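Asker: Quick one: structure below, then a few questions.
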Amino acid sequence: MKRITSIKTRITIWYTTLMFILIVVVLSLVGGLSYQLSIDSIEKDVILQVTQVTEKLSKRQTDIFDLVDNKEEFKNVSIYGAGGKYIVGQYIYDVSNIPFEEGVPRKESINGKEYIVYDIRTPSPPRMHGGFWIRGVESVNSTMLLGKSAIIIMLILIPLILLLTALGGYYITKRAFRPVNNIVKTANEISSQNDIKQRIEINPDAKQDELHNLSLTLNHMLDKIENLINQEKQFTSDASHELRTPISVILAQGEYLLEIAENEKEKELAKNIVDKANQVSKLVSRLLFLARIDQNRQKFNKEKVDVGVLVDIATDSLRTLAEQKGILFLTNIPDDIIVEADEALLLSAITNLISNGIKYGKESGNIVISASKCGESTEIVIADNGIGISGEHLDKIWTRFYRIDDVRNDEYGSNGLGLSMVKSIIDLHGGKISVKSELGSGTEFRILLNE
Ligand code: ADP
């Protein structure tokens, strides 16, 4: 059986059960006590009636028929002869058979009915021989009847009370736990939308209880985390800015050295400087781009862009690189695929994906670039038949500086920022990008752009 996981339901079940046990215990105690009290009072009443009749008989020596017959006062008393023969008084056929027992009040049960019986033997008055038995009898069943109706009322009342307790309690607990739902909602939004700006909704009129304080503390903590992240972004942005000028100088002077190099050794050294300076320059401009995106400073001009033309520009710029590896470009783009986009940014995203296809493509392989309209959306697919990406890495490749194989990537001057840039660009356009890949078979990137 599945365990109940909701705290609200568990609390409700717990106190409803406790309430039920409490009601049953209290009712049993009260019922038992009141039953015993009723029996005691019946006993007292019976003993009193019998004693009074006995006294009257012995003192006033009154006529026994006068005394007992038709007298409301002694309605529970009857008189029997010394041999147990009924003479006068309340006649209960059933109890005549109960043996007489001097001065002992007791409970007798006959045919399922209960009676309190009390007998006293009197000395014989002058006109009678052998004396009498004075017997007091009262049925307990009338008391039981009262108990029964109480039980019936309770059988209706208990479920009603329990139902009201459970419903009322569940409602109160649900209200009390509302801040927890807000906390869970905010945490989910932060992780699904990667948006650290979200805060837990706090009702200013709500009671200042523990959960309210927890929400305040978590919001305070989120403020601090957001601050730290912003500081880190600001640092990356500032550092990149500071690096830009010295790198341009190193690059320019390296290129000059390459030009004036007099022998192979000098050429090799100068080329090394130029290559590394180019790598760092690429890294810095990517970092600056991401910093602009983070701080919402990236310029974004939407215009009508022909996807076919964009792909042609990208493939032309990469053709030499592809040819070095014997990789062929296969394009399948109808003429009229137009999208609303920032031309430079979309070109940069497509170029990045094709360039990855070359870097991670196999020798003499191919890269298929296709585009199509699906209703209001446009789909651009870039697929290679290269080394592929294994499942464990697939959802991490969008993370900044994430590289699957450091050694191999180094030979291409990779820095793990390409795909995070591509994703940021597509996000900026309100589009979606997804990847499908199989290790050893190839990788397919799919961009979906809305009109
Ligand atoms: P890098 O600049 O290192 O290429 P990216 O962000 O572009 O960084 O890619 C991240 C990682 O994803 C790469 O290091 C590479 O291992 C993997 N990757 C990206 N594109 C492909 C592809 N077409 N085929 C196989 N692996 C790829």
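Numbering starts fresh at 1 for the residues of each chain in the structure tokens, the chains themselves are lettered A, B, ... in the order given, and ligands are numbered from 1 as they appear.
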All residues within 6 Å of ligand 1 are required, counting only C-alpha atoms and all ligand atoms; please report them as number ranges by chain.
Answerer: A: 356-357, 360, 387-389, 397, 402-405, 409, 414-420, 443
Asker: Write out the residues from the selection above, keeping N, CA and C atoms, as a short mmCIF file (atom, residue, chain, number, x, y, z; two decimals), in the first residue's frame.
Answerer:
data_model
loop_
_atom_site.label_atom_id
_atom_site.label_comp_id
_atom_site.auth_asym_id
_atom_site.auth_seq_id
_atom_site.Cartn_x
_atom_site.Cartn_y
_atom_site.Cartn_z
N ASN A 356 31.16 23.48 -34.78
CA ASN A 356 31.24 22.30 -33.89
C ASN A 356 31.13 21.01 -34.71
N GLY A 357 30.24 21.04 -35.69
CA GLY A 357 30.06 19.87 -36.56
C GLY A 357 31.36 19.51 -37.25
N TYR A 360 33.98 18.30 -34.34
CA TYR A 360 33.67 16.98 -33.77
C TYR A 360 33.15 16.00 -34.83
N ILE A 387 31.60 12.27 -33.91
CA ILE A 387 31.86 11.41 -32.74
C ILE A 387 30.66 11.25 -31.80
N GLY A 388 29.71 12.18 -31.86
CA GLY A 388 28.52 12.09 -31.00
C GLY A 388 28.80 12.43 -29.54
N ILE A 389 27.73 12.50 -28.77
CA ILE A 389 27.85 12.86 -27.33
C ILE A 389 27.10 11.79 -26.54
N ILE A 397 25.92 20.10 -21.77
CA ILE A 397 26.75 20.79 -22.79
C ILE A 397 26.42 22.27 -22.91
N TYR A 402 31.73 24.06 -20.04
CA TYR A 402 31.64 22.59 -19.99
C TYR A 402 32.23 21.99 -21.27
N ARG A 403 33.25 21.17 -21.08
CA ARG A 403 33.85 20.49 -22.23
C ARG A 403 33.91 19.00 -21.89
N ILE A 404 33.55 18.17 -22.89
CA ILE A 404 33.49 16.74 -22.59
C ILE A 404 34.88 16.13 -22.48
N ASP A 405 35.74 16.48 -23.43
CA ASP A 405 37.06 15.86 -23.45
C ASP A 405 38.11 16.97 -23.54
N ASN A 409 39.72 18.68 -27.04
CA ASN A 409 39.20 20.00 -27.33
C ASN A 409 40.29 21.05 -27.40
N SER A 414 39.26 25.03 -28.01
CA SER A 414 37.88 25.12 -27.50
C SER A 414 37.89 25.71 -26.10
N ASN A 415 36.78 26.36 -25.75
CA ASN A 415 36.71 26.89 -24.39
C ASN A 415 35.39 26.55 -23.68
N GLY A 416 34.54 25.79 -24.33
CA GLY A 416 33.29 25.37 -23.67
C GLY A 416 32.26 26.47 -23.54
N LEU A 417 32.42 27.55 -24.31
CA LEU A 417 31.44 28.65 -24.21
C LEU A 417 30.53 28.72 -25.43
N GLY A 418 30.89 27.97 -26.49
CA GLY A 418 30.14 28.08 -27.76
C GLY A 418 28.66 27.78 -27.60
N LEU A 419 28.34 26.60 -27.03
CA LEU A 419 26.93 26.21 -26.96
C LEU A 419 26.13 27.08 -25.99
N SER A 420 26.78 27.56 -24.90
CA SER A 420 26.01 28.42 -23.99
C SER A 420 25.69 29.75 -24.68
N THR A 443 25.59 13.92 -34.22
CA THR A 443 24.82 14.81 -33.36
C THR A 443 23.91 15.68 -34.21
#
Asker: I'd like to know which residues of range 212-448 of chain A are alpha helix (DSSP H) (by DSSP, run on the backbone); could you write them as a VMD selection string?
Answerer: chain A and resid 212 to 260 264 to 294 307 to 324 343 to 359 391 to 394 406 to 410 418 to 428
Asker: Which residues are close to Ile7 in chain A, i.e. within 10 Å by only C-alpha atoms, leaving aside same-chain residues fewer than 6 positions away? Reply as a PyMOL selection string.
Answerer: chain A and resi 13+173-174+177
Asker: Okay, now the selection with C-alpha atoms, as a PDB file, in the first residue's frame?
Answerer:
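Result written to again.pdb:
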ATOM      1  CA  ILE A  13      -5.686  11.464  10.392  1.00  0.00           C
ATOM      2  CA  THR A 173      -3.794  22.875   8.369  1.00  0.00           C
ATOM      3  CA  LYS A 174      -4.107  23.580   4.641  1.00  0.00           C
ATOM      4  CA  PHE A 177       0.768  25.153   5.118  1.00  0.00           C
TER       5      PHE A 177
END
Asker: Using only C-alpha atoms, determine which residues lie at most 8 Å from Lys267 in chain A, disregarding the query and same-chain residues fewer than 4 positions distant; provide the list as an MDAnalysis selection string.
Answerer: chainID A and resid 257:258 261:263 271
Asker: Create the file for the chosen residues now, containing all heavy atoms and written as a PDB file, in the first residue's frame.
Answerer:
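Result written to part-v4.pdb:
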ATOM      1  N   LEU A 257      55.455  40.496 -35.858  1.00  0.00           N
ATOM      2  CA  LEU A 257      56.623  39.614 -35.722  1.00  0.00           C
ATOM      3  C   LEU A 257      56.617  38.537 -36.798  1.00  0.00           C
ATOM      4  O   LEU A 257      57.657  38.199 -37.365  1.00  0.00           O
ATOM      5  CB  LEU A 257      56.633  38.959 -34.338  1.00  0.00           C
ATOM      6  CG  LEU A 257      57.163  39.797 -33.177  1.00  0.00           C
ATOM      7  CD1 LEU A 257      57.080  39.001 -31.881  1.00  0.00           C
ATOM      8  CD2 LEU A 257      58.638  40.181 -33.439  1.00  0.00           C
ATOM      9  N   LEU A 258      55.395  37.999 -37.058  1.00  0.00           N
ATOM     10  CA  LEU A 258      55.248  36.946 -38.070  1.00  0.00           C
ATOM     11  C   LEU A 258      55.684  37.473 -39.436  1.00  0.00           C
ATOM     12  O   LEU A 258      56.337  36.763 -40.217  1.00  0.00           O
ATOM     13  CB  LEU A 258      53.783  36.496 -38.105  1.00  0.00           C
ATOM     14  CG  LEU A 258      53.475  35.180 -38.815  1.00  0.00           C
ATOM     15  CD1 LEU A 258      54.215  34.011 -38.175  1.00  0.00           C
ATOM     16  CD2 LEU A 258      51.971  34.907 -38.765  1.00  0.00           C
ATOM     17  N   ALA A 261      59.560  37.957 -39.494  1.00  0.00           N
ATOM     18  CA  ALA A 261      60.369  36.798 -39.073  1.00  0.00           C
ATOM     19  C   ALA A 261      61.377  36.452 -40.160  1.00  0.00           C
ATOM     20  O   ALA A 261      61.043  36.430 -41.343  1.00  0.00           O
ATOM     21  CB  ALA A 261      59.460  35.616 -38.785  1.00  0.00           C
ATOM     22  N   GLU A 262      62.618  36.160 -39.729  1.00  0.00           N
ATOM     23  CA  GLU A 262      63.676  35.952 -40.716  1.00  0.00           C
ATOM     24  C   GLU A 262      63.965  34.485 -40.955  1.00  0.00           C
ATOM     25  O   GLU A 262      64.572  34.125 -41.956  1.00  0.00           O
ATOM     26  CB  GLU A 262      64.947  36.692 -40.261  1.00  0.00           C
ATOM     27  CG  GLU A 262      64.763  38.176 -40.432  1.00  0.00           C
ATOM     28  CD  GLU A 262      65.964  38.972 -39.975  1.00  0.00           C
ATOM     29  OE1 GLU A 262      66.882  38.373 -39.393  1.00  0.00           O
ATOM     30  OE2 GLU A 262      65.968  40.189 -40.186  1.00  0.00           O
ATOM     31  N   ASN A 263      63.583  33.647 -40.042  1.00  0.00           N
ATOM     32  CA  ASN A 263      63.808  32.219 -40.265  1.00  0.00           C
ATOM     33  C   ASN A 263      62.615  31.415 -39.725  1.00  0.00           C
ATOM     34  O   ASN A 263      61.696  31.963 -39.113  1.00  0.00           O
ATOM     35  CB  ASN A 263      65.105  31.764 -39.601  1.00  0.00           C
ATOM     36  CG  ASN A 263      65.106  32.156 -38.137  1.00  0.00           C
ATOM     37  OD1 ASN A 263      64.113  31.967 -37.434  1.00  0.00           O
ATOM     38  ND2 ASN A 263      66.214  32.754 -37.690  1.00  0.00           N
ATOM     39  N   LYS A 271      54.002  32.626 -34.826  1.00  0.00           N
ATOM     40  CA  LYS A 271      52.697  32.021 -35.144  1.00  0.00           C
ATOM     41  C   LYS A 271      52.013  31.518 -33.866  1.00  0.00           C
ATOM     42  O   LYS A 271      50.799  31.652 -33.682  1.00  0.00           O
ATOM     43  CB  LYS A 271      52.889  30.861 -36.127  1.00  0.00           C
ATOM     44  CG  LYS A 271      51.568  30.389 -36.708  1.00  0.00           C
ATOM     45  CD  LYS A 271      51.790  29.335 -37.768  1.00  0.00           C
ATOM     46  CE  LYS A 271      50.467  28.776 -38.234  1.00  0.00           C
ATOM     47  NZ  LYS A 271      49.674  28.191 -37.175  1.00  0.00           N
TER      48      LYS A 271
END
Asker: Closest to Gly169 in chain A among A:Asn182, A:Asn76, A:Thr9, A:Gln90, using only C-alpha atoms?
Answerer: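 The shortest atom-to-atom distance to Gly169 in chain A comes from A:Thr9.
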Asker: Give me the residues within 12 Å of Ser390 in chain A as an MDAnalysis selection string, counting only C-alpha atoms and dropping any in the same chain fewer than 5 places off.
Answerer: chainID A and resid 395:397 404:405 435:443
Asker: For those residues, write N, CA, C and O atoms to a file as a tab-separated table (two decimals), in the first residue's frame.
Answerer:
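Printed below is result-v2.tsv as written:
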chain	number	residue	atom	x	y	z
A	395	ASP	N	22.74	16.85	-21.25
A	395	ASP	CA	22.06	18.02	-20.67
A	395	ASP	C	23.05	19.02	-20.06
A	395	ASP	O	22.66	20.09	-19.60
A	396	LYS	N	24.36	18.68	-20.07
A	396	LYS	CA	25.33	19.60	-19.45
A	396	LYS	C	26.07	20.45	-20.49
A	396	LYS	O	26.77	21.39	-20.12
A	397	ILE	N	25.92	20.10	-21.77
A	397	ILE	CA	26.75	20.79	-22.79
A	397	ILE	C	26.42	22.27	-22.91
A	397	ILE	O	27.19	23.03	-23.44
A	404	ILE	N	33.55	18.17	-22.89
A	404	ILE	CA	33.49	16.74	-22.59
A	404	ILE	C	34.88	16.13	-22.48
A	404	ILE	O	35.18	15.38	-21.56
A	405	ASP	N	35.74	16.48	-23.43
A	405	ASP	CA	37.06	15.86	-23.45
A	405	ASP	C	38.11	16.97	-23.54
A	405	ASP	O	38.38	17.50	-24.62
A	435	VAL	N	18.91	18.99	-28.56
A	435	VAL	CA	19.99	18.18	-29.16
A	435	VAL	C	19.65	16.70	-29.05
A	435	VAL	O	19.04	16.27	-28.07
A	436	LYS	N	20.02	15.98	-30.11
A	436	LYS	CA	19.89	14.52	-30.10
A	436	LYS	C	21.25	13.99	-30.54
A	436	LYS	O	21.84	14.54	-31.48
A	437	SER	N	21.75	12.99	-29.83
A	437	SER	CA	23.06	12.51	-30.23
A	437	SER	C	23.27	11.05	-29.82
A	437	SER	O	22.66	10.57	-28.87
A	438	GLU	N	24.12	10.39	-30.58
A	438	GLU	CA	24.48	9.02	-30.22
A	438	GLU	C	25.99	8.89	-30.37
A	438	GLU	O	26.53	9.32	-31.41
A	439	LEU	N	26.61	8.36	-29.34
A	439	LEU	CA	28.07	8.27	-29.35
A	439	LEU	C	28.52	7.45	-30.57
A	439	LEU	O	28.03	6.35	-30.80
A	440	GLY	N	29.44	8.04	-31.37
A	440	GLY	CA	29.96	7.32	-32.54
A	440	GLY	C	29.12	7.48	-33.79
A	440	GLY	O	29.56	7.13	-34.89
A	441	SER	N	27.89	7.98	-33.67
A	441	SER	CA	27.02	8.08	-34.86
A	441	SER	C	26.83	9.50	-35.34
A	441	SER	O	26.61	9.75	-36.52
A	442	GLY	N	26.84	10.45	-34.41
A	442	GLY	CA	26.64	11.84	-34.84
A	442	GLY	C	25.71	12.61	-33.92
A	442	GLY	O	25.14	12.05	-32.97
A	443	THR	N	25.59	13.92	-34.22
A	443	THR	CA	24.82	14.81	-33.36
A	443	THR	C	23.91	15.68	-34.21
A	443	THR	O	24.28	16.08	-35.31
Asker: Quick check, in Å to one decimal: how far apart do CA of Tyr171 in chain A and CA of Lys207 in chain A lie?
Answerer: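 Interatomic distance, CA of Tyr171 in chain A to CA of Lys207 in chain A: 16.1 Å.
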Asker: Would you mind telling me which residue in A:Lys56, A:Arg121, A:Arg135, A:Lys185 lies nearest to Pro105 in chain A when using only C-alpha atoms?
Answerer: A:Arg135
Asker: Rounded to one decimal, what separation in Å do you get between CA of Lys304 in chain A and CA of Val339 in chain A?
Answerer: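 We find that CA of Lys304 in chain A and CA of Val339 in chain A lie 5.6 Å from each other.
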Asker: Calculate how many Å separate CA of Ile338 in chain A from CA of Glu303 in chain A, rounding to one decimal.
Answerer: 9.7 Å
Asker: A:Leu167, A:Ile134, A:Leu162, A:Val88: which is nearest Gly103 in chain A, counting only C-alpha atoms?
Answerer: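 Under the stated criterion, the closest residue is A:Ile134.
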Asker: List as a list in words the protein and nucleic acid residues near Gly430 in chain A, meaning an atom at most 10 Å away when only C-alpha atoms are counted, but skip any in the same chain fewer than 5 places from it.
Answerer: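 Those residues are Ser424, Ile425, Leu448, Leu449, Asn450 and Glu451 of chain A.
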Asker: With distances taken over only C-alpha atoms, which residue among A:Ile183, A:Ile158, A:Pro334, A:Gln49 lies nearest Leu27 in chain A?
Answerer: A:Ile158
Asker: Counting only C-alpha atoms, which residue out of A:Leu214, A:Gly386, A:Leu310, A:Arg286 sits closest to Val422 in chain A?
Answerer: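 Closest to Val422 in chain A, using only C-alpha atoms: A:Arg286.
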